[in-house]
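Notes follow once the structure below has been shown.
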Amino acid sequence: MIATFFGHRDTPQRVEQTLRIILMDLITNKGVDLFYVGNQGEFDRMVINNLKLLKPCFPQIKFYVVLAYMPCDKEGFKLKEGEETVFPDILEKTPPKYAIAKRNLWMIEKSDYVITYVKHITGGAAQYQEIAEKKGRIVINLGYLGV
């Protein structure tokens, strides 16, 4: 099972504890062992940090930071410890203007679960939550949980 994530860039810190509980439930009760996450905002950062914390307790899980753009400068592009990246083939010839959107659709297509933090009905996170729901993915919105 695979999970992916979409949330507002300015996700508040108070979401992090609930996010960790959801991640642990996905791993222990739902059989999720592969996670795809972007690298554009605060929600993505929270997801990555929590997956790094959980990895020693759940060595079977894997997570990948899914890049929307191929780094131009290998010297300037440094991964943090414990992070691996994926660059989907479909993005090789995608104009930069459309790369994030195409990457997000790729992540939805691959996923069984989509975890979001959506408080506003506008914006990218809300748009991709709606797409995931229409595609029949199981969507867990931390914004609906009162966080």
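In the structure tokens, each chain is lettered A, B, ... as it comes, each chain's residues begin at 1, and ligands are numbered from 1 in order of appearance.
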query: Which parts of chain A does DSSP call alpha helix (DSSP H) when run on the backbone here, written out as a PyMOL selection string?
result: chain A and resi 15-29+42-54+96-110+124-134
task: May I have the residues within 9 Å of Gln13 in chain A as a PyMOL selection string, using only C-alpha atoms and disregarding those fewer than 5 positions away in the same chain?
output: chain A and resi 42-43+46
Please produce a file of those selected residues containing N, CA, C and O atoms, as a tab-separated table (two decimals), in the first residue's frame.
```tsv
chain	number	residue	atom	x	y	z
A	42	GLU	N	5.70	23.55	4.21
A	42	GLU	CA	5.79	23.14	5.61
A	42	GLU	C	5.17	21.76	5.85
A	42	GLU	O	5.70	20.96	6.62
A	43	PHE	N	4.05	21.47	5.20
A	43	PHE	CA	3.41	20.16	5.39
A	43	PHE	C	4.35	19.05	4.91
A	43	PHE	O	4.54	18.04	5.60
A	46	MET	N	7.05	18.47	7.42
A	46	MET	CA	6.56	17.72	8.58
A	46	MET	C	6.47	16.23	8.27
A	46	MET	O	6.84	15.38	9.10
```
field: Nearby residues (only C-alpha atoms) at most 12 Å from Gly136 in chain A, same-chain spacing under 5 positions excluded, as number ranges by chain
entry: A: 108-109, 111-114, 129-131
message: Please determine, counting only C-alpha atoms, which residue among A:Leu51, A:Val37, A:Val65, A:Val86 has the shortest atom-to-atom distance to Glu16 in chain A.
response: A:Leu51
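Pairwise distance (CA of Ala125 in chain A, CA of Gly7 in chain A) equals 5.1 Å.
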task: Go through A:Gln127, A:Thr4, A:Thr122, A:Thr94 one by one, measure the shortest atom-to-atom distance of each to Leu26 in chain A using only C-alpha atoms, and give the residue with the smallest value.
output: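 Going through A:Gln127, A:Thr4, A:Thr122, A:Thr94 one by one, the smallest distance to Leu26 in chain A is for A:Thr4.
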message: Env of Ala126 in chain A: 10 Å cut, atoms = only C-alpha atoms, seq-sep filter 6 positions within chain, self excluded. Answer as a PyMOL selection string.
response: chain A and resi 6-8+116-120+132+141
- request: Quote the spacing between CA of Phe35 in chain A and CA of Cys57 in chain A in Å to one decimal place.
  value: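 The value is 15.6 Å.
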- line: The residue from A:Arg9, A:Thr28, A:Arg14, A:Tyr128 with the smallest atom-to-atom distance to Ile115 in chain A, counting only C-alpha atoms, is A:Tyr128
query: Can you list, as a PyMOL selection string, every protein, DNA or RNA residue that comes within 12 Å of Ile100 in chain A when you count only C-alpha atoms, leaving out same-chain residues fewer than 3 positions away?
result: chain A and resi 6+37-40+66-70+87-88+90-91+94-97+103-107+124-125+128
message: Just want the 7 Å neighbourhood of Asp33 in chain A, counted on only C-alpha atoms, with same-chain residues fewer than 4 positions away dropped. Output as a VMD selection string.
response: chain A and resid 1 to 2 27 60 to 62
From the DSSP assignment of the backbone, select every residue of range 45-138 of chain A that is strand (DSSP E or B), and format the answer as a PDB file with N, CA, C and O atoms, in the first residue's frame.
```pdb
ATOM      1  N   LYS A  62       9.471   2.606   3.356  1.00  0.00           N
ATOM      2  CA  LYS A  62      10.333   3.395   2.485  1.00  0.00           C
ATOM      3  C   LYS A  62       9.597   4.678   2.178  1.00  0.00           C
ATOM      4  O   LYS A  62       8.370   4.687   2.079  1.00  0.00           O
ATOM      5  N   PHE A  63      10.342   5.751   2.036  1.00  0.00           N
ATOM      6  CA  PHE A  63       9.724   6.996   1.598  1.00  0.00           C
ATOM      7  C   PHE A  63      10.652   7.703   0.628  1.00  0.00           C
ATOM      8  O   PHE A  63      11.875   7.584   0.720  1.00  0.00           O
ATOM      9  N   TYR A  64      10.026   8.378  -0.317  1.00  0.00           N
ATOM     10  CA  TYR A  64      10.760   9.089  -1.349  1.00  0.00           C
ATOM     11  C   TYR A  64      10.244  10.511  -1.467  1.00  0.00           C
ATOM     12  O   TYR A  64       9.030  10.735  -1.474  1.00  0.00           O
ATOM     13  N   VAL A  65      11.167  11.448  -1.570  1.00  0.00           N
ATOM     14  CA  VAL A  65      10.834  12.816  -1.904  1.00  0.00           C
ATOM     15  C   VAL A  65      10.712  12.841  -3.426  1.00  0.00           C
ATOM     16  O   VAL A  65      11.677  12.543  -4.133  1.00  0.00           O
ATOM     17  N   VAL A  66       9.515  13.156  -3.902  1.00  0.00           N
ATOM     18  CA  VAL A  66       9.270  13.144  -5.348  1.00  0.00           C
ATOM     19  C   VAL A  66       9.549  14.540  -5.890  1.00  0.00           C
ATOM     20  O   VAL A  66       8.862  15.504  -5.550  1.00  0.00           O
ATOM     21  N   THR A  85      15.310  10.377  -3.301  1.00  0.00           N
ATOM     22  CA  THR A  85      14.414  11.073  -4.216  1.00  0.00           C
ATOM     23  C   THR A  85      14.004  10.181  -5.373  1.00  0.00           C
ATOM     24  O   THR A  85      14.657   9.195  -5.683  1.00  0.00           O
ATOM     25  N   VAL A  86      12.904  10.601  -5.982  1.00  0.00           N
ATOM     26  CA  VAL A  86      12.408   9.989  -7.211  1.00  0.00           C
ATOM     27  C   VAL A  86      12.093  11.133  -8.165  1.00  0.00           C
ATOM     28  O   VAL A  86      11.542  12.158  -7.742  1.00  0.00           O
ATOM     29  N   TYR A 113      -3.718   5.752  -0.447  1.00  0.00           N
ATOM     30  CA  TYR A 113      -4.134   6.737   0.558  1.00  0.00           C
ATOM     31  C   TYR A 113      -3.541   8.095   0.196  1.00  0.00           C
ATOM     32  O   TYR A 113      -2.389   8.179  -0.243  1.00  0.00           O
ATOM     33  N   VAL A 114      -4.326   9.124   0.425  1.00  0.00           N
ATOM     34  CA  VAL A 114      -3.846  10.489   0.248  1.00  0.00           C
ATOM     35  C   VAL A 114      -4.149  11.234   1.546  1.00  0.00           C
ATOM     36  O   VAL A 114      -5.303  11.359   1.937  1.00  0.00           O
ATOM     37  N   ILE A 115      -3.088  11.694   2.202  1.00  0.00           N
ATOM     38  CA  ILE A 115      -3.240  12.405   3.455  1.00  0.00           C
ATOM     39  C   ILE A 115      -3.040  13.886   3.152  1.00  0.00           C
ATOM     40  O   ILE A 115      -2.048  14.272   2.514  1.00  0.00           O
ATOM     41  N   THR A 116      -3.985  14.699   3.603  1.00  0.00           N
ATOM     42  CA  THR A 116      -3.933  16.124   3.293  1.00  0.00           C
ATOM     43  C   THR A 116      -4.073  16.960   4.559  1.00  0.00           C
ATOM     44  O   THR A 116      -4.553  16.485   5.582  1.00  0.00           O
ATOM     45  N   TYR A 117      -3.653  18.194   4.420  1.00  0.00           N
ATOM     46  CA  TYR A 117      -4.015  19.221   5.399  1.00  0.00           C
ATOM     47  C   TYR A 117      -4.611  20.353   4.578  1.00  0.00           C
ATOM     48  O   TYR A 117      -3.890  21.142   3.967  1.00  0.00           O
ATOM     49  N   ILE A 138      -8.465   6.768  -0.830  1.00  0.00           N
ATOM     50  CA  ILE A 138      -8.887   7.003   0.544  1.00  0.00           C
ATOM     51  C   ILE A 138      -8.179   8.283   0.995  1.00  0.00           C
ATOM     52  O   ILE A 138      -6.943   8.327   1.058  1.00  0.00           O
TER      53      ILE A 138
END
```
- request: Report the distance between CA of Asn49 in chain A and CA of Arg20 in chain A in Å, rounded to one decimal place.
  value: 9.7 Å
